[in-house]
Structure formats: C-alpha cells, structure tokens
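A.B. asks: For reference, this is coords.txt, and it has compact mmCIF, C-alpha atoms (C1' of nucleotides).
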# COMPACT_ATOMS: atom_id res chain seq x y z
CA MET C 1 -41.57 -1.60 -4.50
CA ASN C 2 -42.34 0.85 -1.72
CA GLU C 3 -39.91 3.22 -0.06
CA THR C 4 -38.83 0.73 2.60
CA THR C 5 -37.87 -1.94 0.08
CA PRO C 6 -34.10 -1.86 -0.31
CA LYS C 7 -32.97 -1.30 -3.88
CA ARG C 8 -31.03 -4.16 -5.34
CA ARG C 9 -27.64 -2.54 -5.36
CA ASP C 10 -27.48 0.94 -3.98
CA PHE C 11 -23.90 2.12 -3.61
CA THR C 12 -24.71 5.54 -2.18
CA SER C 13 -23.30 5.19 1.32
CA LEU C 14 -19.87 3.82 2.08
CA TRP C 15 -21.33 0.81 3.89
CA ASP C 16 -23.22 -0.16 0.75
CA ARG C 17 -20.08 -0.27 -1.39
CA PRO C 18 -18.56 -3.76 -1.59
CA GLY C 19 -15.22 -2.24 -2.52
CA PHE C 20 -15.23 -0.18 0.65
CA LEU C 21 -16.03 -3.17 2.84
CA ILE C 22 -13.31 -5.20 1.17
CA ARG C 23 -10.71 -2.45 1.68
CA ARG C 24 -11.64 -2.20 5.34
CA LEU C 25 -11.54 -5.97 5.87
CA HIS C 26 -8.17 -6.19 4.18
CA GLN C 27 -6.90 -3.52 6.55
CA ILE C 28 -8.34 -5.40 9.53
CA HIS C 29 -6.89 -8.74 8.48
CA VAL C 30 -3.43 -7.27 7.99
CA ALA C 31 -3.63 -5.73 11.47
CA LEU C 32 -4.68 -9.05 13.03
CA PHE C 33 -1.96 -10.92 11.15
CA LEU C 34 0.77 -8.48 12.19
CA GLU C 35 -0.41 -8.61 15.79
CA GLU C 36 -0.45 -12.41 15.92
CA CYS C 37 2.92 -12.66 14.20
CA SER C 38 4.52 -9.71 15.97
CA GLU C 39 7.31 -11.85 17.43
CA PHE C 40 8.30 -12.94 13.90
CA ASN C 41 8.14 -9.56 12.16
CA ILE C 42 6.45 -10.93 9.05
CA THR C 43 3.67 -9.63 6.78
CA PRO C 44 0.85 -11.56 5.06
CA VAL C 45 2.38 -11.17 1.60
CA GLN C 46 5.83 -12.18 2.80
CA PHE C 47 4.32 -15.28 4.37
CA GLY C 48 2.42 -15.96 1.14
CA VAL C 49 5.68 -15.99 -0.81
CA LEU C 50 7.28 -18.25 1.77
CA THR C 51 4.26 -20.58 1.67
CA VAL C 52 4.61 -21.03 -2.07
CA LEU C 53 8.34 -21.67 -1.78
CA TYR C 54 7.79 -24.06 1.09
CA ASP C 55 5.85 -26.25 -1.34
CA ARG C 56 7.82 -25.69 -4.51
CA GLU C 57 11.37 -25.12 -3.16
CA THR C 58 12.70 -22.97 -6.03
CA LEU C 59 10.82 -20.58 -8.33
CA ASP C 60 11.54 -17.52 -10.44
CA GLN C 61 9.99 -14.17 -9.57
CA VAL C 62 7.34 -14.22 -12.29
CA THR C 63 6.07 -17.64 -11.26
CA ILE C 64 5.85 -16.58 -7.64
CA ALA C 65 3.91 -13.48 -8.68
CA ASN C 66 1.51 -15.64 -10.70
CA GLN C 67 1.05 -18.04 -7.82
CA ILE C 68 0.04 -15.46 -5.27
CA GLY C 69 -1.57 -12.96 -7.64
CA ALA C 70 0.82 -10.14 -6.92
CA ASP C 71 2.66 -7.72 -9.10
CA ARG C 72 6.09 -8.76 -10.37
CA ASN C 73 7.74 -5.65 -8.91
CA THR C 74 6.03 -6.13 -5.57
CA VAL C 75 7.31 -9.70 -5.42
CA ALA C 76 10.81 -8.49 -6.26
CA ASP C 77 10.70 -6.17 -3.23
CA VAL C 78 9.33 -8.89 -0.98
CA ILE C 79 11.99 -11.36 -2.10
CA ARG C 80 14.71 -8.80 -1.47
CA ARG C 81 13.56 -8.40 2.13
CA LEU C 82 13.27 -12.14 2.71
CA GLU C 83 16.75 -12.65 1.25
CA ARG C 84 18.15 -9.97 3.55
CA ARG C 85 16.86 -12.02 6.48
CA GLY C 86 18.39 -15.23 5.19
CA LEU C 87 15.04 -16.92 4.58
CA LEU C 88 15.72 -17.13 0.83
CA GLU C 89 18.66 -17.47 -1.52
CA ARG C 90 18.72 -16.04 -5.02
CA PRO C 91 20.65 -18.23 -7.43
CA VAL C 92 20.66 -17.37 -11.13
CA SER C 93 18.94 -19.91 -13.31
CA VAL C 94 21.27 -22.08 -15.38
CA ALA C 95 18.61 -22.74 -17.99
CA ASP C 96 17.67 -19.07 -18.43
CA LYS C 97 20.28 -16.48 -17.57
CA ARG C 98 17.59 -13.77 -17.33
CA ALA C 99 15.83 -15.54 -14.50
CA LYS C 100 16.88 -14.91 -10.94
CA LEU C 101 15.40 -17.66 -8.80
CA ALA C 102 14.26 -17.66 -5.22
CA ARG C 103 15.03 -20.74 -3.15
CA ILE C 104 13.90 -21.18 0.42
CA THR C 105 16.70 -21.85 2.91
CA ASP C 106 16.64 -24.31 5.79
CA GLU C 107 16.14 -21.32 8.04
CA GLY C 108 13.20 -20.25 5.88
CA HIS C 109 11.73 -23.72 6.12
CA ALA C 110 11.90 -23.70 9.89
CA PHE C 111 10.55 -20.16 9.94
CA VAL C 112 7.41 -21.14 8.00
CA GLU C 113 6.75 -23.97 10.42
CA ALA C 114 7.19 -21.67 13.39
CA VAL C 115 4.89 -18.96 12.01
CA GLN C 116 2.17 -21.28 10.67
CA PRO C 117 0.21 -21.59 13.96
CA ARG C 118 0.13 -17.82 14.39
CA MET C 119 -1.05 -17.29 10.81
CA ILE C 120 -3.82 -19.81 11.44
CA GLU C 121 -4.78 -18.03 14.65
CA ALA C 122 -5.03 -14.73 12.73
CA GLN C 123 -7.37 -16.34 10.18
CA ARG C 124 -9.39 -17.88 13.00
CA ARG C 125 -9.80 -14.60 14.89
CA PHE C 126 -10.70 -12.77 11.69
CA THR C 127 -13.57 -15.15 10.92
CA GLN C 128 -14.57 -15.91 14.50
CA PRO C 129 -17.83 -13.90 14.29
CA LEU C 130 -19.18 -16.32 11.68
CA GLU C 131 -20.97 -19.62 12.19
CA ARG C 132 -19.60 -22.60 10.34
CA GLU C 133 -22.28 -22.39 7.67
CA GLU C 134 -21.79 -18.65 7.23
CA TYR C 135 -18.05 -19.18 6.92
CA ASP C 136 -18.50 -21.78 4.20
CA ILE C 137 -20.86 -19.50 2.28
CA LEU C 138 -18.52 -16.53 2.60
CA MET C 139 -15.54 -18.48 1.31
CA LYS C 140 -17.59 -19.79 -1.59
CA LEU C 141 -18.74 -16.29 -2.55
CA LEU C 142 -15.26 -14.79 -2.20
CA ARG C 143 -13.70 -17.54 -4.33
CA ASN C 144 -16.41 -17.03 -6.93
CA LEU C 145 -15.80 -13.27 -7.10
CA MET C 146 -12.08 -13.84 -7.23
CA GLN C 147 -12.18 -16.34 -10.08
CA GLU C 148 -14.70 -14.41 -12.16
CA ASN C 149 -12.72 -11.18 -11.78
CA ASN C 150 -9.28 -12.74 -11.96
CA GLU C 151 -8.38 -11.08 -15.25
CA ALA C 152 -9.54 -7.67 -14.07
CA SER C 153 -6.42 -7.25 -11.96
CA ARG C 154 -3.07 -6.43 -13.47
CA ALA C 155 -1.59 -9.35 -11.56
CA PRO C 156 -3.92 -12.28 -12.35
CA MET C 157 -3.21 -15.61 -10.72
CA ARG C 158 -1.76 -18.23 -13.04
CA PRO C 159 -1.56 -21.43 -11.01
CA GLY C 160 -0.65 -23.50 -14.07
CA VAL C 161 2.68 -21.90 -14.88
CA LEU C 162 5.52 -24.33 -14.43
CA GLN C 163 8.52 -23.67 -12.28
CA HIS C 164 11.99 -23.02 -13.58
CA ASP C 165 14.78 -25.44 -12.95
CA ALA C 166 17.95 -24.32 -11.30
CA MET H 1 -15.60 -37.60 9.53
CA ASN H 2 -13.98 -39.49 6.64
CA GLU H 3 -11.17 -38.21 4.47
CA THR H 4 -13.47 -36.46 1.98
CA THR H 5 -15.26 -34.41 4.61
CA PRO H 6 -13.80 -30.91 4.54
CA LYS H 7 -12.41 -29.79 7.87
CA ARG H 8 -14.15 -26.84 9.35
CA ARG H 9 -11.44 -24.29 8.82
CA ASP H 10 -8.34 -25.54 7.10
CA PHE H 11 -6.02 -22.66 6.22
CA THR H 12 -3.33 -24.78 4.61
CA SER H 13 -3.58 -23.64 1.02
CA LEU H 14 -3.73 -20.00 -0.03
CA TRP H 15 -7.24 -20.39 -1.40
CA ASP H 16 -8.44 -21.55 2.01
CA ARG H 17 -7.16 -18.42 3.78
CA PRO H 18 -9.84 -15.74 4.08
CA GLY H 19 -7.14 -13.09 4.46
CA PHE H 20 -5.61 -14.14 1.17
CA LEU H 21 -8.94 -13.98 -0.66
CA ILE H 22 -9.66 -10.56 0.84
CA ARG H 23 -6.26 -9.21 -0.22
CA ARG H 24 -6.78 -10.46 -3.73
CA LEU H 25 -10.32 -9.04 -3.97
CA HIS H 26 -9.13 -5.69 -2.68
CA GLN H 27 -6.49 -5.67 -5.39
CA ILE H 28 -9.09 -6.57 -8.01
CA HIS H 29 -11.55 -3.94 -6.87
CA VAL H 30 -8.91 -1.21 -6.94
CA ALA H 31 -7.98 -2.25 -10.48
CA LEU H 32 -11.62 -2.14 -11.63
CA PHE H 33 -12.17 1.21 -9.94
CA LEU H 34 -9.08 2.77 -11.50
CA GLU H 35 -10.04 1.43 -14.90
CA GLU H 36 -13.59 2.77 -14.71
CA CYS H 37 -12.43 6.14 -13.39
CA SER H 38 -9.35 6.40 -15.59
CA GLU H 39 -10.52 9.65 -17.18
CA PHE H 40 -10.75 11.24 -13.71
CA ASN H 41 -7.47 10.01 -12.25
CA ILE H 42 -8.96 9.20 -8.86
CA THR H 43 -8.46 6.36 -6.38
CA PRO H 44 -11.03 4.58 -4.19
CA VAL H 45 -9.72 6.12 -0.99
CA GLN H 46 -9.58 9.61 -2.49
CA PHE H 47 -13.18 9.19 -3.62
CA GLY H 48 -14.08 7.95 -0.13
CA VAL H 49 -12.73 11.15 1.41
CA LEU H 50 -14.59 13.25 -1.16
CA THR H 51 -17.79 11.28 -0.51
CA VAL H 52 -17.63 12.08 3.21
CA LEU H 53 -16.96 15.76 2.52
CA TYR H 54 -19.71 15.88 -0.08
CA ASP H 55 -22.14 15.07 2.74
CA ARG H 56 -20.53 16.94 5.61
CA GLU H 57 -18.91 19.93 3.81
CA THR H 58 -16.10 20.62 6.31
CA LEU H 59 -14.28 18.21 8.61
CA ASP H 60 -10.93 17.95 10.37
CA GLN H 61 -8.46 15.23 9.42
CA VAL H 62 -9.10 12.99 12.41
CA THR H 63 -12.85 12.99 11.85
CA ILE H 64 -12.39 12.10 8.19
CA ALA H 65 -10.07 9.26 9.20
CA ASN H 66 -12.66 7.97 11.67
CA GLN H 67 -15.42 8.17 9.08
CA ILE H 68 -13.68 6.09 6.44
CA GLY H 69 -11.65 3.89 8.78
CA ALA H 70 -8.27 5.03 7.55
CA ASP H 71 -5.12 6.02 9.29
CA ARG H 72 -4.71 9.70 10.25
CA ASN H 73 -1.42 9.99 8.34
CA THR H 74 -2.86 8.29 5.27
CA VAL H 75 -5.75 10.75 5.27
CA ALA H 76 -3.30 13.64 5.57
CA ASP H 77 -1.55 12.44 2.40
CA VAL H 78 -4.83 11.97 0.56
CA ILE H 79 -6.05 15.43 1.55
CA ARG H 80 -2.80 16.98 0.37
CA ARG H 81 -3.27 15.46 -3.06
CA LEU H 82 -6.91 16.50 -3.31
CA GLU H 83 -6.00 20.04 -2.25
CA ARG H 84 -3.28 20.19 -4.91
CA ARG H 85 -6.00 19.49 -7.49
CA GLY H 86 -8.30 22.17 -6.13
CA LEU H 87 -10.97 19.72 -4.98
CA LEU H 88 -10.49 20.73 -1.33
CA GLU H 89 -9.49 23.80 0.67
CA ARG H 90 -7.69 23.62 4.01
CA PRO H 91 -8.77 26.42 6.35
CA VAL H 92 -7.51 26.42 9.94
CA SER H 93 -10.20 25.93 12.53
CA VAL H 94 -11.14 29.06 14.47
CA ALA H 95 -12.32 27.04 17.45
CA ASP H 96 -9.19 24.89 17.66
CA LYS H 97 -5.95 26.28 16.29
CA ARG H 98 -4.45 22.79 16.15
CA ALA H 99 -7.08 21.54 13.73
CA LYS H 100 -6.56 22.01 10.00
CA LEU H 101 -9.90 21.45 8.30
CA ALA H 102 -10.73 20.09 4.88
CA ARG H 103 -13.57 21.74 3.00
CA ILE H 104 -14.82 20.56 -0.36
CA THR H 105 -14.77 23.19 -3.11
CA ASP H 106 -17.42 23.81 -5.76
CA GLU H 107 -15.10 22.06 -8.16
CA GLY H 108 -14.87 19.13 -5.75
CA HIS H 109 -18.64 19.00 -5.53
CA ALA H 110 -19.01 18.84 -9.29
CA PHE H 111 -16.21 16.30 -9.46
CA VAL H 112 -17.97 13.89 -7.10
CA GLU H 113 -21.14 14.11 -9.17
CA ALA H 114 -19.19 13.44 -12.37
CA VAL H 115 -17.32 10.44 -10.95
CA GLN H 116 -20.28 8.86 -9.11
CA PRO H 117 -21.65 6.89 -12.11
CA ARG H 118 -18.23 5.40 -12.84
CA MET H 119 -17.73 4.42 -9.20
CA ILE H 120 -21.12 2.71 -9.28
CA GLU H 121 -20.19 0.91 -12.48
CA ALA H 122 -17.00 -0.37 -10.83
CA GLN H 123 -19.00 -1.75 -7.89
CA ARG H 124 -21.49 -3.31 -10.30
CA ARG H 125 -18.82 -5.02 -12.39
CA PHE H 126 -17.05 -6.25 -9.27
CA THR H 127 -20.18 -7.99 -7.96
CA GLN H 128 -21.67 -8.95 -11.31
CA PRO H 129 -20.94 -12.68 -10.87
CA LEU H 130 -23.33 -12.84 -7.92
CA GLU H 131 -27.09 -13.36 -7.92
CA ARG H 132 -29.16 -10.86 -6.00
CA GLU H 133 -29.56 -13.19 -3.07
CA GLU H 134 -25.87 -14.04 -3.01
CA TYR H 135 -25.00 -10.36 -3.11
CA ASP H 136 -27.24 -9.61 -0.14
CA ILE H 137 -25.72 -12.47 1.85
CA LEU H 138 -22.18 -11.39 1.00
CA MET H 139 -22.79 -7.80 2.08
CA LYS H 140 -24.36 -8.98 5.31
CA LEU H 141 -21.40 -11.25 6.10
CA LEU H 142 -18.83 -8.59 5.21
CA ARG H 143 -20.58 -5.97 7.36
CA ASN H 144 -20.74 -8.46 10.21
CA LEU H 145 -17.01 -9.25 9.99
CA MET H 146 -16.22 -5.56 9.73
CA GLN H 147 -18.23 -4.53 12.76
CA GLU H 148 -17.08 -7.40 14.94
CA ASN H 149 -13.42 -6.77 14.06
CA ASN H 150 -13.62 -3.00 13.96
CA GLU H 151 -11.38 -2.47 16.97
CA ALA H 152 -8.77 -4.89 15.66
CA SER H 153 -7.54 -2.33 13.16
CA ARG H 154 -5.41 0.62 14.17
CA ALA H 155 -7.85 2.91 12.37
CA PRO H 156 -11.28 1.85 13.68
CA MET H 157 -14.31 3.57 12.25
CA ARG H 158 -15.97 6.07 14.59
CA PRO H 159 -19.11 7.24 12.80
CA GLY H 160 -20.34 9.08 15.88
CA VAL H 161 -17.60 11.67 16.18
CA LEU H 162 -18.89 15.17 15.62
CA GLN H 163 -17.47 17.53 13.08
CA HIS H 164 -15.52 20.64 13.90
CA ASP H 165 -16.85 24.09 13.14
CA ALA H 166 -14.90 26.46 10.99
C1' DG R 1 -3.49 29.02 37.92
C1' DC R 2 -0.23 25.75 36.66
C1' DA R 3 1.66 21.32 35.71
C1' DT R 4 0.23 17.33 33.28
C1' DA R 5 -2.74 14.65 29.86
C1' DA R 6 -4.52 14.27 25.75
C1' DT R 7 -5.19 15.75 21.11
C1' DA R 8 -4.17 17.62 16.14
C1' DG R 9 -0.95 17.76 13.05
C1' DG R 10 3.79 17.18 10.85
C1' DT R 11 7.95 14.48 9.33
C1' DA R 12 10.48 10.44 8.32
C1' DG R 13 10.81 5.62 7.48
C1' DT R 14 8.89 0.93 5.88
C1' DA R 15 5.78 -2.37 3.24
C1' DT R 16 2.52 -3.49 -0.42
C1' DA R 17 0.98 -2.46 -5.11
C1' DC R 18 1.06 -0.35 -8.99
C1' DT R 19 3.05 2.39 -13.69
C1' DA R 20 6.57 3.54 -16.96
C1' DC R 21 10.72 2.86 -18.82
C1' DG R 22 15.22 0.48 -19.78
C1' DT R 23 18.43 -3.63 -20.52
C1' DA R 24 19.73 -8.23 -21.29
C1' DA R 25 18.47 -12.85 -22.65
C1' DT R 26 15.48 -15.86 -25.06
C1' DT R 27 12.05 -17.20 -28.45
C1' DT R 28 9.66 -16.55 -32.71
C1' DT R 29 9.30 -15.47 -37.47
C1' DC R 30 10.70 -15.35 -41.82
C1' DG E 1 20.52 -17.64 -39.16
C1' DA E 2 19.33 -12.79 -38.46
C1' DA E 3 15.70 -9.42 -37.29
C1' DA E 4 11.77 -8.84 -34.44
C1' DA E 5 9.01 -9.87 -30.58
C1' DT E 6 8.72 -11.52 -26.10
C1' DT E 7 10.28 -12.35 -21.52
C1' DA E 8 12.87 -11.56 -16.94
C1' DC E 9 14.55 -8.35 -14.26
C1' DG E 10 15.89 -3.69 -12.72
C1' DT E 11 15.13 1.31 -11.44
C1' DA E 12 12.40 5.21 -10.42
C1' DG E 13 8.15 7.32 -9.23
C1' DT E 14 3.29 7.40 -7.02
C1' DA E 15 -0.57 5.97 -3.74
C1' DT E 16 -2.29 3.66 0.36
C1' DA E 17 -1.31 2.22 5.11
C1' DC E 18 1.16 1.82 8.75
C1' DT E 19 4.96 3.07 12.87
C1' DA E 20 7.68 6.18 15.62
C1' DC E 21 8.74 10.45 17.08
C1' DC E 22 8.19 15.52 17.27
C1' DT E 23 5.80 20.23 18.17
C1' DA E 24 1.88 23.09 19.22
C1' DT E 25 -2.51 23.59 21.27
C1' DT E 26 -6.19 22.30 24.26
C1' DA E 27 -8.21 19.98 28.23
C1' DT E 28 -7.73 18.07 33.00
C1' DG E 29 -6.49 17.57 37.80
C1' DC E 30 -5.00 19.52 41.72
Reformat the file's structure so that it appears as structure tokens.
C.D. replies:
Amino acid sequence: MNETTPKRRDFTSLWDRPGFLIRRLHQIHVALFLEECSEFNITPVQFGVLTVLYDRETLDQVTIANQIGADRNTVADVIRRLERRGLLERPVSVADKRAKLARITDEGHAFVEAVQPRMIEAQRRFTQPLEREEYDILMKLLRNLMQENNEASRAPMRPGVLQHDA
Amino acid sequence: MNETTPKRRDFTSLWDRPGFLIRRLHQIHVALFLEECSEFNITPVQFGVLTVLYDRETLDQVTIANQIGADRNTVADVIRRLERRGLLERPVSVADKRAKLARITDEGHAFVEAVQPRMIEAQRRFTQPLEREEYDILMKLLRNLMQENNEASRAPMRPGVLQHDA
DNA sequence: GCATAATAGGTAGTATACTACGTAATTTTC
DNA sequence: GAAAATTACGTAGTATACTACCTATTATGC
C-alpha cells in the first residue's frame, strides 16, 4: 500500500466520517421536506406519526414510538401538537387506563392525503442526483445499517408490537 | 412491469422513504457516539466544532458554521457550552469589532486528542455491518447527495471561506 | 462623506430527541 | 391475593437546529 492508496476507513476529516455525512443529509432532507410542505406547516416526524395512524387508525404512544423508531417523550410532544391542530384525538384506552391513545380524525385523514404528494416530491428531489441503480444500492445499504444497528439507539423500532384497542 | 417488479421510487411505506432512513441512522449514530464518548460528555456536533478549531486554531462563528454546515445560532450555542468547559476562549476580533472569535485552548487541544479514538470507534461500529466495497460505495453516494443538495439546506457548507485574524 | 447594504452577533421562540425522575395502573411472582 | 416489578404517561431539563427580529459594526454606492 503506497501513500496514494486510500486507507480502508480513515475518519480524520469531517468528509470521511459517515456520522457527519448522515447528520448533514438529515439536515438537508428536513429542509427540503419543510420547503415542499411549507403550505401545510408539517414536519417529517409529524408526518411519520400521521402515516402510521393513517394505516392503523388508533394506537397508544408507545406503539407509535416503536413504529417510527422515536423516543416516547418525543412522540408525546408530536402528538400534543397534532392534537392541537385537530388532526388527532386522544381517547383514554378502556382496556388499559394508563394508556392514552391517539386516533386520527377525518381532518387528519384528509390532511395526509393532501400532503402525500409534497412528501413524495421532497423524497424525489433529495435523491434526484442518483441513477436508478445507485438509488437502489443506497437504500439497500441504509436499510442494512439501520437493521444491524437498530438496538444501538435508545428508541429501537419494534414493528411487531400490537396495537391497543379503544 | 408485472406486479412483483418494484417500482422505481415508491415512498409509500416508511422504510421506502430515504428521509426516514436518514433520520433513523442519524439517531443511531448519535446514540453510538454518545455511548462511546460517555466518559468525555461530548456530542458529535461539539466534537465537529473542536475538530475544525484543532486544525485552524482561531475562527469566527460564521466561518465555523460554514465549515461544519450548521446554523449560525446553533454554533453559537455549541461554542458557549465549550467555552463554559474551558475548551475554547472567545476573544473579540481586532480587525472586526463585530466578530467574536473562538480559539481552542491547550486543554481543548488535549481533549480532542483524548476523544479521537472513541470517535473513530463510534464510526467503526456504525459501519461495521458493511464490507469494504459496500462502505466505499456508501460514502461515495452520501457525498454525492450532500454536494448536490448542499444549497438546499439553510446552512450550506462553505469550505472556502477564509478565517479571521485575531 | 454620508446614507444605505450587508454582515456578525444576540435574544426569544419552536421542534425533534434525549435523560432523569415521579405517579398511576397493570402484570408477575410467590 | 398481596408485594414486587413492569408499563404508560407526565414533567422538567439539556442539546441540536431552525426562524424571526434586534443591535452594532463594516462595506458600498453615490
């Protein structure tokens, strides 16, 4: 190995640190998302919560957190904001009096459908520089990293957890 | 195209949204970094600022923000915390009385050298699931996305900006 | 040279993402 | 069936990352 051969993983400069690139790309994606959805005043995480509830109708906070891989307290904040806007309701579970559920409203349903195209456009713009093949490879690598490191985060995703009843 | 052929870019489910994967990976990397560096009580962004100042000695807030691609106000917060710990000093620029500089202290210098191995270990653990070739491809794709979308963020990176004098 | 622009920084407010701690309800263990 | 452990949620505090608005200083245009 001569001096022009790149070392396998040299994290010296910022641009050689995967964590740095990921932070920056997260920042960029959020900016693109907010710009595309500016007329709806919605954030990526808020839309993630709404997406889950669009499919599942009614869930408790912990299940939502597990579904999107976010912290329980973060989800509580997000839900509070979405409730304030009338996109969610928060009935108390009959089966478990500890659990405060989140249920998407009709308004929330319509909202998701209205925002969906703009969310898709944000994803499209974000990945526009890539060829189809590159895109597929990137997604495969990101999913791999995500699954293998799932437990490393304090808010691991738990897709299997069942929903509460009302 | 039959029904088993994947569409080119279908963002329906969370796992098919690049922005979602990036958010999750950012979360995971931060968790790994904090765990590895727990004895030093330092965050990725704080270490990023220190890394820049380790190389450049003294910079104003805007230049630091441009270097790491972070918001000016965020950098101001980060600098305040690092100053509180004695890792930075904040002299006022002689050339420009508006500019408040950040200069790394001897303690800050030693701190960077002490933390470096743990930062590297965090990056290594984060990317451990990938083969060498996969790693190289991932970094290339991430850098490509970052450069092509640089202006999309409100805090674009400006590596070329010159540093202030003291 | 002087009015205007742009720039550097500060403050305050919001959103995401955590930690730590506390309470109430449920489940487990014996 | 009662004590202990777990779970669901809440509050408060911190860090990153923005926006919006403000002042002070510097640069520009005429």
A.B. asks: Each residue of stretch 87-116 of chain C lying at most 12 Å from stretch 9-24 of chain R should get a row with its shortest atom-to-atom pair and the distance in Å to one decimal, counting all atoms listed in the file; could you produce that, ordered by chain and increasing number, as JSON lines?
C.D. replies:
{"residue": "C:Asp96", "atom": "CA", "partner": "R:DA24", "partner_atom": "C1'", "distance": 11.4}
{"residue": "C:Lys97", "atom": "CA", "partner": "R:DA24", "partner_atom": "C1'", "distance": 9.1}
{"residue": "C:Arg98", "atom": "CA", "partner": "R:DA24", "partner_atom": "C1'", "distance": 7.1}
{"residue": "C:Ala99", "atom": "CA", "partner": "R:DA24", "partner_atom": "C1'", "distance": 10.7}
A.B. asks: Tell me, counting all atoms listed in the file, for each residue of chain E within 8 Å of chain H, which pair of atoms is nearest and how far apart they are in Å to one decimal, in rows ordered by chain and increasing number, as CSV.
C.D. replies:
residue,atom,partner,partner_atom,distance
E:DT16,C1',H:Thr74,CA,6.8
E:DA17,C1',H:Thr74,CA,6.3
E:DC18,C1',H:Asp71,CA,7.6
E:DA24,C1',H:Arg98,CA,7.0
E:DT25,C1',H:Arg98,CA,5.5
E:DT26,C1',H:Asp96,CA,7.7
A.B. asks: Which distance in Å separates atom CA of C:Val52 and atom CA of C:Ile68, to one decimal?
C.D. replies: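 Going from atom CA of C:Val52 over to atom CA of C:Ile68 covers 7.9 Å.
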A.B. asks: What lies within 9 Å of stretch 114-120 of chain C using all atoms listed in the file, ignoring chain neighbours under 2 positions off, as a PyMOL selection string?
C.D. replies: (chain C and resi 33+36-37+40+42+44+47+109-112+122-125) or (chain H and resi 10-12+17)
A.B. asks: Leaving out H:Ile64 and any residue of its chain fewer than 3 positions from it, which residues lie within 10 Å of it when counting all atoms listed in the file, given as a VMD selection string?
C.D. replies: chain H and resid 48 to 50 52 to 53 56 58 to 61 67 to 72 75 to 76 79 101 to 102 157 to 159 161 163
A.B. asks: State, in Å with one decimal place, the distance from atom CA of H:Glu57 to atom CA of C:Asp16.
C.D. replies: 20.8 Å
A.B. asks: Please build the interface table for chain C against chain H with a cut-off of 6 Å, listing for each qualifying residue the nearest atom pair and the distance in Å to one decimal; count all atoms listed in the file, order rows by chain and increasing number, and write it as a tab-separated table.
C.D. replies:
residue	atom	partner	partner_atom	distance
C:Gly19	CA	H:His29	CA	5.9
C:Ile22	CA	H:His26	CA	5.7
C:Arg23	CA	H:His26	CA	5.7
C:His26	CA	H:Arg23	CA	5.7
C:Ile28	CA	H:Ser153	CA	4.8
C:His29	CA	H:Gly19	CA	5.9
C:Ala31	CA	H:Ser153	CA	5.5
C:Ser153	CA	H:Ile28	CA	4.8
A.B. asks: Using Å and a single decimal, report how far atom C1' of R:DA5 sits from atom C1' of E:DC30.
C.D. replies: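 Computed distance, atom C1' of E:DC30 to atom C1' of R:DA5, equals 13.0 Å.
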A.B. asks: Let me make sure I understand: among C:Tyr54, C:Ala95, C:Arg85, C:Val62, which one has the smallest atom-to-atom distance to chain R if we use only C-alpha atoms (C1' of nucleotides)?
C.D. replies: C:Ala95
A.B. asks: Please provide as a PDB file with C-alpha atoms, keeping the file's coordinate frame all residues within 9 Å of C:Thr105, with the sequence filter that same-chain residues fewer than 6 positions apart are discarded (counting all atoms listed in the file).
C.D. replies:
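Printed below is selection_36.pdb as written:
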ATOM      1  CA  GLU C  57      11.370 -25.120  -3.160  1.00  0.00           C
ATOM      2  CA  GLY C  86      18.390 -15.230   5.190  1.00  0.00           C
ATOM      3  CA  LEU C  87      15.040 -16.920   4.580  1.00  0.00           C
ATOM      4  CA  LEU C  88      15.720 -17.130   0.830  1.00  0.00           C
ATOM      5  CA  GLU C  89      18.660 -17.470  -1.520  1.00  0.00           C
TER       6      GLU C  89
END
A.B. asks: Check the smallest atom-to-atom distance from each of H:Gly108, H:Thr63, H:Leu82, H:Arg103 to chain R using only C-alpha atoms (C1' of nucleotides), then report the winner.
C.D. replies: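 Closest to chain R of all the choices is H:Thr63.
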